[in-house]
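To start, the structure under review is shown below, and the notes come after it.
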Amino acid sequence: MHTRINQLSTSQLRRLIELRFELEKLLKLVCYLTEYSVDDLKGKSKYRDIAYIRGAYACLARTRHPDASLDLIGSILNRDHSTISCMIREIKDVKQKQEHYIWLCALLKNEERFKKANLN
């Protein structure tokens, strides 16, 4: 990341840690819903479905957490910020990838409704 950690205030550092935790939780949820492992999405596989889900996750992470930097999202997926930027741009350009994104968003909405209905 471009910001040095020792230059951050305590509240900024706390927010950065919380944001990273939320992004990792979202990644685990995406993996659960798609039945791919975290290692699959973080890995170097260029298998089409994995690449599309990886891109959909990046776009979803950016949409749900607009304050998350591309560097932070990239660090979750073991990618750099320019790769994440390309993933997000391609999701918007390629119809087949958009379908993966829309499908994933629908699954997440259903999962959230299920969790709210089953609160203990």
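Numbering starts fresh at 1 for the residues of each chain in the structure tokens, the chains themselves are lettered A, B, ... in the order given, and ligands are numbered from 1 as they appear.
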Please provide the set of residues having any atom within 8 Å of Leu70 of chain A, restricted to only C-alpha atoms, with same-chain residues fewer than 3 positions apart removed, written as number ranges by chain. A: 62, 73-74, 80-82, 84-85
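The closest residue to Lys28 of chain A, picked from A:Arg48, A:Leu13, A:Ile91, A:Leu108 and counting only C-alpha atoms, is A:Leu108.
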Just checking: using only C-alpha atoms, which residue out of A:Arg15, A:Ala106, A:Ala56, A:Lys25 ends up closest to Met87 of chain A? A:Ala56
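The residue that comes closest to Glu35 of chain A, out of A:Cys105, A:Glu90, A:Ile50, A:Ala61 and on the basis of only C-alpha atoms, is A:Ile50.
The closest residue to Gly43 of chain A, picked from A:His65, A:Leu77, A:Leu19, A:Ala58 and counting only C-alpha atoms, is A:Leu77.
With only C-alpha atoms as the atoms that count, the minimum distance from Ile53 of chain A to the choices A:Ile76, A:Leu16, A:Cys86, A:Leu33 is reached by A:Leu33.
Using only C-alpha atoms for every distance, the candidate list A:Arg79, A:Lys42, A:Arg20, A:Lys97 yields A:Lys97 as the residue closest to Gly55 of chain A.
Of note, atom CA of Arg54 of chain A and atom CA of Glu112 of chain A are spaced 20.4 Å apart.
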Quick one: DSSP alpha helix (DSSP H) residues in chain A, as a PyMOL selection string? chain A and resi 10-34+38-42+48-64+70-77+81-93+95-117
